[in-house]
Amino acid sequence: MVDITIDNLIRIDRETEVIHEEFTGDYHEKNGSHFLVYQNELDEKVVMKYDAEMLTITRFSQPSTIMKMHPEVVTKTAIATPVGPQHFQIKTQQYQKSADGFKASYQFWQGEMKIAQYDLAVHFYWNHRN
């Protein structure tokens, strides 16, 4: 078991929101990729897969949400909302893996309009309470 901390600075227009979350989950490493797995506040399974080049976050909601961040590739995602799925392009400015997690700076775009800027930092710590 690991303790996972997630810090996300979100900027939409002139509004800024700072989110700090802490979860207990699992850490695995396989074929050079690292996996953090936990249940979020909505009791959805979340898998963060990362390696030296790319980050993939999968939220097993209804429907599932998959976000991929790679500094050299613009990716696409669809996020379920009360008014239906919202489609975004993800433009990653910076991504860096570390020994205990990763950092990523990325933007959501719809066409030529930037919707939001995210600065995400995720770290994990071995849970020695058990």
# chains A, B, ... in the order shown; residues from 1 in each chain; ligands from 1

call {"tool": "closest_atom_pairs", "arguments": {"of": "segment 58-83 of chain A", "to": "segment 88-111 of chain A", "cutoff": "8 Å", "atoms": "only C-alpha atoms", "output": "JSON lines"}}
result
{"residue": "A:Met67", "atom": "CA", "partner": "A:Ile90", "partner_atom": "CA", "distance": 7.9}
{"residue": "A:Lys68", "atom": "CA", "partner": "A:Ile90", "partner_atom": "CA", "distance": 7.7}
{"residue": "A:Met69", "atom": "CA", "partner": "A:Thr92", "partner_atom": "CA", "distance": 5.8}
{"residue": "A:His70", "atom": "CA", "partner": "A:Thr92", "partner_atom": "CA", "distance": 5.9}
{"residue": "A:Pro71", "atom": "CA", "partner": "A:Thr92", "partner_atom": "CA", "distance": 4.8}
{"residue": "A:Glu72", "atom": "CA", "partner": "A:Thr92", "partner_atom": "CA", "distance": 7.5}
{"residue": "A:Val73", "atom": "CA", "partner": "A:Lys91", "partner_atom": "CA", "distance": 7.3}
{"residue": "A:Val74", "atom": "CA", "partner": "A:Lys91", "partner_atom": "CA", "distance": 5.1}
{"residue": "A:Thr75", "atom": "CA", "partner": "A:Ile90", "partner_atom": "CA", "distance": 5.1}
{"residue": "A:Lys76", "atom": "CA", "partner": "A:Gln89", "partner_atom": "CA", "distance": 4.4}
{"residue": "A:Thr77", "atom": "CA", "partner": "A:Phe88", "partner_atom": "CA", "distance": 5.4}
{"residue": "A:Ala78", "atom": "CA", "partner": "A:Phe88", "partner_atom": "CA", "distance": 6.3}

call {"tool": "residues_around", "arguments": {"residues": "Glu15 of chain A", "least_positions_apart": "4", "cutoff": "12 Å", "atoms": "only C-alpha atoms", "output": "VMD selection string"}}
result
chain A and resid 9 to 11 115 to 117

call {"tool": "write_last_selection", "arguments": {"atoms": "N, CA and C atoms", "output": "PDB file, in the first residue's frame"}}
result
ATOM      1  N   LEU A   9      -3.211  22.558  -9.712  1.00  0.00           N
ATOM      2  CA  LEU A   9      -3.532  23.976  -9.837  1.00  0.00           C
ATOM      3  C   LEU A   9      -4.259  24.127 -11.169  1.00  0.00           C
ATOM      4  N   ILE A  10      -5.521  24.556 -11.107  1.00  0.00           N
ATOM      5  CA  ILE A  10      -6.362  24.635 -12.295  1.00  0.00           C
ATOM      6  C   ILE A  10      -6.712  26.098 -12.543  1.00  0.00           C
ATOM      7  N   ARG A  11      -6.462  26.545 -13.785  1.00  0.00           N
ATOM      8  CA  ARG A  11      -6.814  27.916 -14.159  1.00  0.00           C
ATOM      9  C   ARG A  11      -7.795  27.872 -15.326  1.00  0.00           C
ATOM     10  N   ILE A 115      -9.468  26.080 -22.923  1.00  0.00           N
ATOM     11  CA  ILE A 115     -10.508  25.977 -21.901  1.00  0.00           C
ATOM     12  C   ILE A 115      -9.909  26.065 -20.502  1.00  0.00           C
ATOM     13  N   ALA A 116      -8.793  25.365 -20.286  1.00  0.00           N
ATOM     14  CA  ALA A 116      -8.223  25.304 -18.931  1.00  0.00           C
ATOM     15  C   ALA A 116      -6.744  24.963 -18.992  1.00  0.00           C
ATOM     16  N   GLN A 117      -6.015  25.393 -17.946  1.00  0.00           N
ATOM     17  CA  GLN A 117      -4.601  25.079 -17.746  1.00  0.00           C
ATOM     18  C   GLN A 117      -4.493  24.292 -16.448  1.00  0.00           C
TER      19      GLN A 117
END

call {"tool": "select_by_dssp", "arguments": {"residues": "chain A", "states": "strand (DSSP E or B)", "output": "JSON, numbers by chain"}}
result
{"A": [2, 3, 4, 5, 6, 7, 8, 9, 10, 11, 12, 15, 16, 17, 18, 19, 20, 21, 22, 23, 24, 25, 26, 27, 28, 29, 30, 33, 34, 35, 36, 37, 38, 39, 45, 46, 47, 48, 49, 50, 55, 56, 57, 58, 59, 60, 65, 66, 67, 68, 69, 70, 73, 75, 76, 77, 78, 79, 80, 81, 84, 85, 86, 87, 88, 89, 90, 91, 92, 93, 94, 95, 96, 97, 98, 101, 102, 103, 104, 105, 106, 107, 108, 109, 110, 113, 114, 115, 116, 117, 118, 119, 120, 121, 122, 123, 124, 125, 126]}

call {"tool": "closest_residue", "arguments": {"among": "A:Tyr50, A:Trp126, A:Tyr118, A:Tyr38", "to": "Glu22 of chain A", "atoms": "only C-alpha atoms"}}
result
A:Tyr38
